[in-house]
$ cat input_38.cif   # mmCIF, C-alpha atoms and all ligand atoms
data_run
#
loop_
_atom_site.label_atom_id
_atom_site.label_comp_id
_atom_site.auth_asym_id
_atom_site.auth_seq_id
_atom_site.Cartn_x
_atom_site.Cartn_y
_atom_site.Cartn_z
CA MET P 1 0.00 0.00 0.00
CA THR P 2 1.47 3.29 -1.11
CA VAL P 3 0.85 6.38 1.04
CA PHE P 4 1.81 10.02 0.64
CA LEU P 5 3.73 11.55 3.55
CA ASN P 6 5.17 15.07 3.45
CA GLY P 7 5.93 15.08 -0.25
CA ASN P 8 7.03 11.46 -0.61
CA TYR P 9 5.25 8.35 -1.89
CA VAL P 10 6.28 5.49 0.38
CA ASP P 11 5.07 2.08 1.42
CA GLY P 12 2.65 2.44 4.35
CA SER P 13 4.86 0.25 6.56
CA ALA P 14 7.81 2.61 5.99
CA ALA P 15 5.91 5.87 6.60
CA VAL P 16 7.28 7.39 9.80
CA ILE P 17 6.49 10.56 11.73
CA PRO P 18 8.28 11.92 14.82
CA VAL P 19 6.70 11.04 18.17
CA THR P 20 6.59 14.79 18.88
CA ASP P 21 4.09 15.31 16.07
CA ARG P 22 1.30 17.45 17.50
CA GLY P 23 -1.26 15.16 15.96
CA PHE P 24 0.07 12.35 18.16
CA ILE P 25 0.58 14.51 21.25
CA PHE P 26 -2.47 16.81 21.17
CA GLY P 27 -4.75 15.59 18.37
CA ASP P 28 -3.83 18.94 16.82
CA GLY P 29 -4.94 18.46 13.22
CA VAL P 30 -7.75 17.99 10.74
CA TYR P 31 -8.71 15.27 8.32
CA GLU P 32 -10.91 14.77 5.31
CA VAL P 33 -12.40 11.69 3.67
CA PHE P 34 -13.09 11.99 -0.05
CA ARG P 35 -15.24 9.48 -1.94
CA SER P 36 -13.80 8.11 -5.14
CA VAL P 37 -16.02 6.55 -7.80
CA ASP P 38 -13.99 4.90 -10.56
CA GLY P 39 -11.06 7.16 -9.71
CA ARG P 40 -13.11 10.40 -9.75
CA LEU P 41 -13.62 12.36 -6.52
CA PHE P 42 -17.34 12.79 -5.88
CA GLU P 43 -18.12 16.36 -4.71
CA GLY P 44 -14.36 16.88 -4.48
CA GLU P 45 -14.65 20.65 -4.30
CA ARG P 46 -16.94 20.57 -1.28
CA HIS P 47 -14.55 18.25 0.59
CA GLN P 48 -11.63 20.47 -0.44
CA GLU P 49 -13.43 23.56 0.86
CA ARG P 50 -14.16 21.92 4.22
CA LEU P 51 -10.51 20.87 4.54
CA GLU P 52 -9.37 24.44 3.85
CA GLU P 53 -11.91 25.85 6.32
CA GLY P 54 -10.73 23.41 9.01
CA LEU P 55 -7.10 24.39 8.50
CA ALA P 56 -8.03 28.07 8.65
CA ALA P 57 -10.12 27.55 11.81
CA LEU P 58 -7.14 25.92 13.56
CA ARG P 59 -4.65 28.36 11.95
CA ILE P 60 -2.60 25.52 10.47
CA ALA P 61 -0.69 26.66 7.39
CA MET P 62 -1.96 24.99 4.24
CA PRO P 63 0.74 22.71 2.76
CA GLU P 64 1.40 23.22 -0.97
CA ALA P 65 0.35 19.62 -1.55
CA ALA P 66 -3.06 20.27 0.02
CA HIS P 67 -4.14 22.75 -2.65
CA GLY P 68 -6.93 21.41 -4.84
CA GLY P 69 -4.95 20.56 -7.97
CA ALA P 70 -2.02 19.04 -6.09
CA LEU P 71 -4.27 16.98 -3.85
CA ARG P 72 -6.20 15.64 -6.83
CA GLU P 73 -2.94 14.47 -8.38
CA ILE P 74 -1.86 12.77 -5.16
CA ALA P 75 -5.27 11.09 -4.86
CA ALA P 76 -5.17 9.90 -8.49
CA ARG P 77 -1.69 8.41 -8.09
CA LEU P 78 -2.52 6.62 -4.83
CA LEU P 79 -5.83 5.28 -6.14
CA GLU P 80 -4.03 3.93 -9.18
CA GLU P 81 -1.03 2.43 -7.34
CA ASN P 82 -3.22 0.88 -4.66
CA GLY P 83 -5.65 -0.69 -7.11
CA HIS P 84 -8.54 1.55 -6.03
CA SER P 85 -9.18 3.41 -9.25
CA ARG P 86 -12.11 1.13 -10.17
CA GLY P 87 -15.30 1.06 -8.12
CA HIS P 88 -15.85 2.79 -4.79
CA ALA P 89 -12.98 3.87 -2.55
CA THR P 90 -12.02 6.58 -0.09
CA VAL P 91 -9.10 8.98 0.02
CA TYR P 92 -8.08 9.90 3.57
CA VAL P 93 -6.14 13.14 4.11
CA GLN P 94 -4.74 14.16 7.49
CA ILE P 95 -2.85 17.36 8.22
CA THR P 96 -1.41 18.13 11.66
CA ARG P 97 0.36 21.22 12.95
CA GLY P 98 3.67 19.30 12.68
CA ALA P 99 6.39 18.07 15.04
CA ALA P 100 7.72 20.35 17.79
CA PRO P 101 8.83 20.07 21.43
CA ARG P 102 5.72 19.54 23.55
CA ALA P 103 4.09 22.81 24.59
CA HIS P 104 0.41 23.66 24.35
CA GLN P 105 0.83 26.93 22.46
CA PHE P 106 1.49 26.92 18.73
CA PRO P 107 5.13 26.21 17.78
CA ALA P 108 7.37 28.63 15.86
CA ASP P 109 6.31 29.52 12.33
CA ASP P 110 9.06 27.40 10.74
CA VAL P 111 7.44 24.15 11.96
CA ARG P 112 5.98 22.50 8.87
CA PRO P 113 2.62 20.76 9.03
CA THR P 114 2.59 16.99 8.59
CA MET P 115 0.51 15.79 5.65
CA PHE P 116 -0.53 12.18 5.16
CA VAL P 117 -2.76 10.72 2.42
CA THR P 118 -3.90 7.14 1.93
CA THR P 119 -6.65 5.28 0.06
CA SER P 120 -8.93 2.36 1.00
CA ALA P 121 -11.54 0.26 -0.74
CA LEU P 122 -15.04 1.07 0.52
CA ASN P 123 -16.81 -1.68 2.45
CA SER P 124 -20.24 -2.56 1.13
CA LEU P 125 -23.14 -1.71 3.45
CA GLU P 126 -25.78 -3.38 1.28
CA ALA P 127 -26.86 -5.86 3.99
CA VAL P 128 -27.37 -3.03 6.51
CA ARG P 129 -29.06 -0.87 3.87
CA SER P 130 -31.65 -3.48 2.96
CA ALA P 131 -32.52 -4.41 6.57
CA GLY P 132 -32.14 -0.90 8.03
CA ALA P 133 -29.48 0.04 10.56
CA VAL P 134 -29.80 -0.63 14.27
CA VAL P 135 -28.61 2.37 16.29
CA ILE P 136 -28.41 3.50 19.89
CA THR P 137 -28.43 6.96 21.49
CA GLN P 138 -25.51 8.32 23.48
CA PRO P 139 -24.96 11.63 25.29
CA ASP P 140 -23.18 14.16 23.08
CA VAL P 141 -20.18 14.95 25.28
CA ARG P 142 -18.22 16.63 22.49
CA TRP P 143 -16.95 20.19 22.46
CA TYR P 144 -18.69 23.21 20.88
CA ARG P 145 -16.76 23.21 17.62
CA CYS P 146 -18.07 20.01 16.08
CA ASN P 147 -18.17 21.80 12.71
CA ILE P 148 -14.37 21.47 12.46
CA LYS P 149 -13.32 18.04 11.19
CA THR P 150 -10.54 17.55 13.74
CA ILE P 151 -8.75 14.29 14.34
CA GLN P 152 -9.84 14.43 18.00
CA LEU P 153 -12.59 11.84 17.84
CA LEU P 154 -12.59 10.15 21.24
CA PRO P 155 -16.29 10.78 22.04
CA ASN P 156 -17.13 9.49 18.55
CA VAL P 157 -14.89 6.44 19.04
CA LEU P 158 -16.43 5.58 22.43
CA ALA P 159 -20.01 6.05 21.22
CA LYS P 160 -19.41 3.97 18.06
CA GLN P 161 -17.82 1.24 20.18
CA ALA P 162 -20.89 1.23 22.46
CA ALA P 163 -23.07 0.83 19.35
CA ILE P 164 -20.99 -2.07 18.07
CA GLU P 165 -20.94 -3.79 21.49
CA SER P 166 -24.74 -3.53 21.62
CA GLY P 167 -24.98 -5.26 18.23
CA GLY P 168 -25.74 -2.03 16.36
CA PHE P 169 -24.18 0.00 13.58
CA GLU P 170 -24.12 3.63 14.75
CA ALA P 171 -24.77 5.84 17.78
CA LEU P 172 -26.82 9.04 17.64
CA PHE P 173 -25.60 11.88 19.83
CA ILE P 174 -28.15 13.65 22.07
CA ARG P 175 -27.38 17.15 23.36
CA ASN P 176 -29.92 19.03 25.51
CA GLY P 177 -32.73 16.74 24.34
CA MET P 178 -31.90 17.30 20.64
CA VAL P 179 -30.49 14.69 18.28
CA THR P 180 -27.38 16.25 16.74
CA GLU P 181 -25.81 13.61 14.45
CA GLY P 182 -24.14 10.20 14.36
CA THR P 183 -20.52 9.44 15.26
CA HIS P 184 -19.54 9.50 11.57
CA SER P 185 -22.78 10.49 9.88
CA ASN P 186 -25.49 13.14 9.87
CA LEU P 187 -29.08 12.32 10.78
CA PHE P 188 -32.28 13.01 8.83
CA ALA P 189 -35.90 12.36 9.84
CA VAL P 190 -39.18 12.27 7.98
CA LEU P 191 -41.85 13.70 10.23
CA GLU P 192 -45.30 15.11 9.40
CA GLY P 193 -44.47 15.18 5.71
CA GLU P 194 -41.19 17.08 6.15
CA VAL P 195 -37.59 16.01 5.76
CA ARG P 196 -35.79 17.33 8.87
CA THR P 197 -32.14 17.59 9.82
CA HIS P 198 -30.11 19.51 12.41
CA PRO P 199 -29.19 23.03 11.24
CA ASP P 200 -25.68 23.65 9.97
CA ASN P 201 -24.02 25.13 13.06
CA ASN P 202 -21.20 24.44 15.53
CA LEU P 203 -22.96 21.38 17.00
CA ILE P 204 -22.61 19.17 13.92
CA LEU P 205 -20.15 18.46 11.15
CA PRO P 206 -21.42 20.08 7.95
CA GLY P 207 -21.55 16.83 6.02
CA VAL P 208 -20.93 16.96 2.30
CA THR P 209 -23.50 14.17 1.86
CA ARG P 210 -25.94 16.16 4.05
CA SER P 211 -25.67 19.13 1.66
CA VAL P 212 -26.12 16.92 -1.39
CA VAL P 213 -29.11 15.14 0.17
CA LEU P 214 -30.73 18.49 1.04
CA GLU P 215 -30.40 19.48 -2.63
CA LEU P 216 -31.76 16.13 -3.81
CA ALA P 217 -34.70 16.30 -1.39
CA ALA P 218 -35.62 19.74 -2.77
CA GLU P 219 -35.25 18.45 -6.35
CA LEU P 220 -37.54 15.53 -5.54
CA GLY P 221 -40.10 17.95 -4.13
CA PHE P 222 -39.90 16.96 -0.45
CA PRO P 223 -40.48 19.83 1.96
CA VAL P 224 -37.24 20.29 3.90
CA ARG P 225 -36.62 21.94 7.29
CA GLU P 226 -33.26 22.39 8.98
CA GLU P 227 -34.43 21.94 12.56
CA ALA P 228 -33.17 19.24 14.91
CA ILE P 229 -35.54 16.52 16.01
CA THR P 230 -35.94 16.04 19.73
CA GLU P 231 -35.31 12.80 21.59
CA GLU P 232 -39.11 12.48 22.05
CA GLU P 233 -39.73 12.89 18.33
CA ILE P 234 -37.68 9.76 17.61
CA GLY P 235 -40.79 7.82 18.69
CA GLN P 236 -43.01 9.75 16.26
CA VAL P 237 -41.01 9.85 13.02
CA ASP P 238 -41.99 7.92 9.89
CA GLU P 239 -38.36 7.49 8.87
CA LEU P 240 -34.85 8.12 10.11
CA PHE P 241 -31.73 7.83 8.00
CA LEU P 242 -28.02 8.53 8.19
CA THR P 243 -25.95 10.28 5.55
CA GLY P 244 -22.19 10.26 5.06
CA THR P 245 -19.36 9.78 2.61
CA THR P 246 -18.98 6.13 3.60
CA THR P 247 -22.65 5.47 4.47
CA ASP P 248 -24.42 7.27 1.57
CA VAL P 249 -28.11 7.32 2.63
CA LEU P 250 -28.63 4.57 5.17
CA PRO P 251 -32.11 3.90 6.61
CA ILE P 252 -32.45 3.27 10.35
CA ALA P 253 -34.74 0.44 11.44
CA GLN P 254 -34.35 0.62 15.23
CA VAL P 255 -33.25 3.12 17.87
CA ASP P 256 -32.50 1.82 21.38
CA GLY P 257 -34.42 -1.37 20.64
CA ARG P 258 -37.56 0.39 19.34
CA HIS P 259 -38.77 0.25 15.75
CA VAL P 260 -38.60 3.41 13.66
CA GLY P 261 -41.86 3.88 11.72
CA THR P 262 -42.79 0.49 10.29
CA GLY P 263 -39.41 -0.95 11.32
CA SER P 264 -38.39 -1.34 7.67
CA PRO P 265 -36.45 1.03 5.40
CA GLY P 266 -38.77 3.82 4.28
CA PRO P 267 -39.60 5.22 0.83
CA VAL P 268 -38.04 8.69 1.28
CA ALA P 269 -34.67 7.22 2.26
CA GLY P 270 -34.96 4.83 -0.67
CA GLN P 271 -35.62 7.60 -3.19
CA LEU P 272 -32.84 9.78 -1.81
CA TYR P 273 -30.37 6.89 -1.91
CA GLU P 274 -31.24 6.22 -5.54
CA ALA P 275 -30.92 9.91 -6.42
CA LEU P 276 -27.56 10.10 -4.64
CA TYR P 277 -26.34 7.00 -6.41
CA ARG P 278 -27.41 8.44 -9.75
CA ARG P 279 -25.62 11.69 -9.07
CA MET P 280 -22.45 9.83 -8.08
CA HIS P 281 -22.46 7.97 -11.36
CA GLU P 282 -23.32 11.01 -13.47
CA GLY P 283 -19.74 12.21 -13.38
CA ARG P 284 -20.45 15.31 -11.29
CA ASP P 285 -17.62 16.34 -8.95
C1 LIG P 301 -19.34 13.51 13.05
C2 LIG P 301 -19.66 13.38 11.60
N1 LIG P 301 -20.82 13.86 11.14
C3 LIG P 301 -21.17 13.74 9.85
C4 LIG P 301 -20.34 13.11 8.93
C5 LIG P 301 -20.77 13.00 7.48
O1 LIG P 301 -20.05 13.91 6.68
P1 LIG P 301 -19.77 13.62 5.15
O2 LIG P 301 -21.09 13.48 4.49
O3 LIG P 301 -19.04 14.84 4.67
O4 LIG P 301 -18.95 12.38 5.09
C6 LIG P 301 -19.10 12.63 9.35
C7 LIG P 301 -18.20 11.98 8.39
O5 LIG P 301 -17.22 11.42 8.74
C8 LIG P 301 -18.74 12.77 10.71
O6 LIG P 301 -17.57 12.31 11.16
#

$ encode --input "input_38.cif" --output "structure tokens"
Amino acid sequence: MTVFLNGNYVDGSAAVIPVTDRGFIFGDGVYEVFRSVDGRLFEGERHQERLEEGLAALRIAMPEAAHGGALREIAARLLEENGHSRGHATVYVQITRGAAPRAHQFPADDVRPTMFVTTSALNSLEAVRSAGAVVITQPDVRWYRCNIKTIQLLPNVLAKQAAIESGGFEALFIRNGMVTEGTHSNLFAVLEGEVRTHPDNNLILPGVTRSVVLELAAELGFPVREEAITEEEIGQVDELFLTGTTTDVLPIAQVDGRHVGTGSPGPVAGQLYEALYRRMHEGRD
């Protein structure tokens, strides 16, 4: 497996960073996951924009190789060398503030950010998609800047692990009685004829798939409202579904052991998944 590390293409097993890297010490960095369909990056510009916004929010200097054109070339080469340029794959990009003696404040300006890129084949979720995902709720104990895609994901890791240990697929975060999002996905509901999702603010990651699904829902003529559903409303919705770069549109069948709607994947999620799939294969990026 070839990876890109600070300007070099190396075998993953030979890619080395200093133990003083601030990503390792402080989780001081951002990441991005691009979706590749037959070697093309789906909605690549939106992912690129979010990466740039994350770097700016943390005041990490943008490496030359992270600029759109350069990053596309890196992605294309890795997808090709790793045998991922056919079918569905992901391109993972991580940029940290770089290696420096441990001190909380930012290091001197001459410290260069660390940039790492790798690719993976995408696991199929077809079995979960056709049965509907089983999810649990977990308290949202994250910070107030969830809109930045930082590599600090411990609350997400612990909540996802709880979901897996309970036999489920994903955990939904609850903050102040509101459902915010999943550990690696955004949440949508269908309630009283409307498609609802949490507003784009500091309490959720502004998912690229979320934006695309909002556009598709409008195109399909579904009334859409960006307002969070409450924990109580989970019991009243007709449908719930997750969206994400690796999950697409994934219907939810059960939350905390209770059926959602009929307990089977619903028609709105089905139509949106089909529309998303069509758009992915249209060659838009
Ligand atoms: C916390 C969180 N919310 C939502 C998403 C979905 O975002 P996207 O559609 O851009 O993959 C992710 C993706 O990893 C995530 O980590």

$ residues_near_ligand --input "input_38.cif" --ligand "ligand LIG 301 (chain P)" --cutoff "9 Å" --atoms "only C-alpha atoms and all ligand atoms" --output "ChimeraX atom specification"
/P:32-35,46-47,50,146-147,149,153,156,180-187,204-212,242-248

$ closest_residue --input "input_38.cif" --among "P:Arg22, P:Arg196, P:Arg59, P:Arg258" --to "P:Gly98" --atoms "only C-alpha atoms"
P:Arg22

$ atom_distance --input "input_38.cif" --atom1 "atom CA of P:Val19" --atom2 "atom CA of P:Leu158"
24.1 Å

$ residues_around --input "input_38.cif" --residues "stretch 125-136 of chain P" --least-positions-apart "3" --cutoff "8 Å" --atoms "only C-alpha atoms" --output "list of chain:residue names"
P:Ala163, P:Gly167, P:Gly168, P:Phe169, P:Glu170, P:Ala171, P:Leu172, P:Thr247, P:Leu250, P:Pro251, P:Ile252, P:Ala253, P:Gln254, P:Val255, P:Asp256, P:Gly257, P:Gly263, P:Ser264, P:Pro265

$ closest_residue --input "input_38.cif" --among "P:Gly29, P:Val37, P:Ile60, P:Ser166" --to "P:Glu282" --atoms "only C-alpha atoms"
P:Val37

$ residues_around --input "input_38.cif" --residues "P:His198" --least-positions-apart "6" --cutoff "7 Å" --atoms "only C-alpha atoms" --output "PDB file with C-alpha atoms, in the coordinates of the input"
ATOM      1  CA  THR P 180     -27.380  16.250  16.740  1.00  0.00           C
ATOM      2  CA  GLU P 226     -33.260  22.390   8.980  1.00  0.00           C
ATOM      3  CA  GLU P 227     -34.430  21.940  12.560  1.00  0.00           C
ATOM      4  CA  ALA P 228     -33.170  19.240  14.910  1.00  0.00           C
TER       5      ALA P 228
END
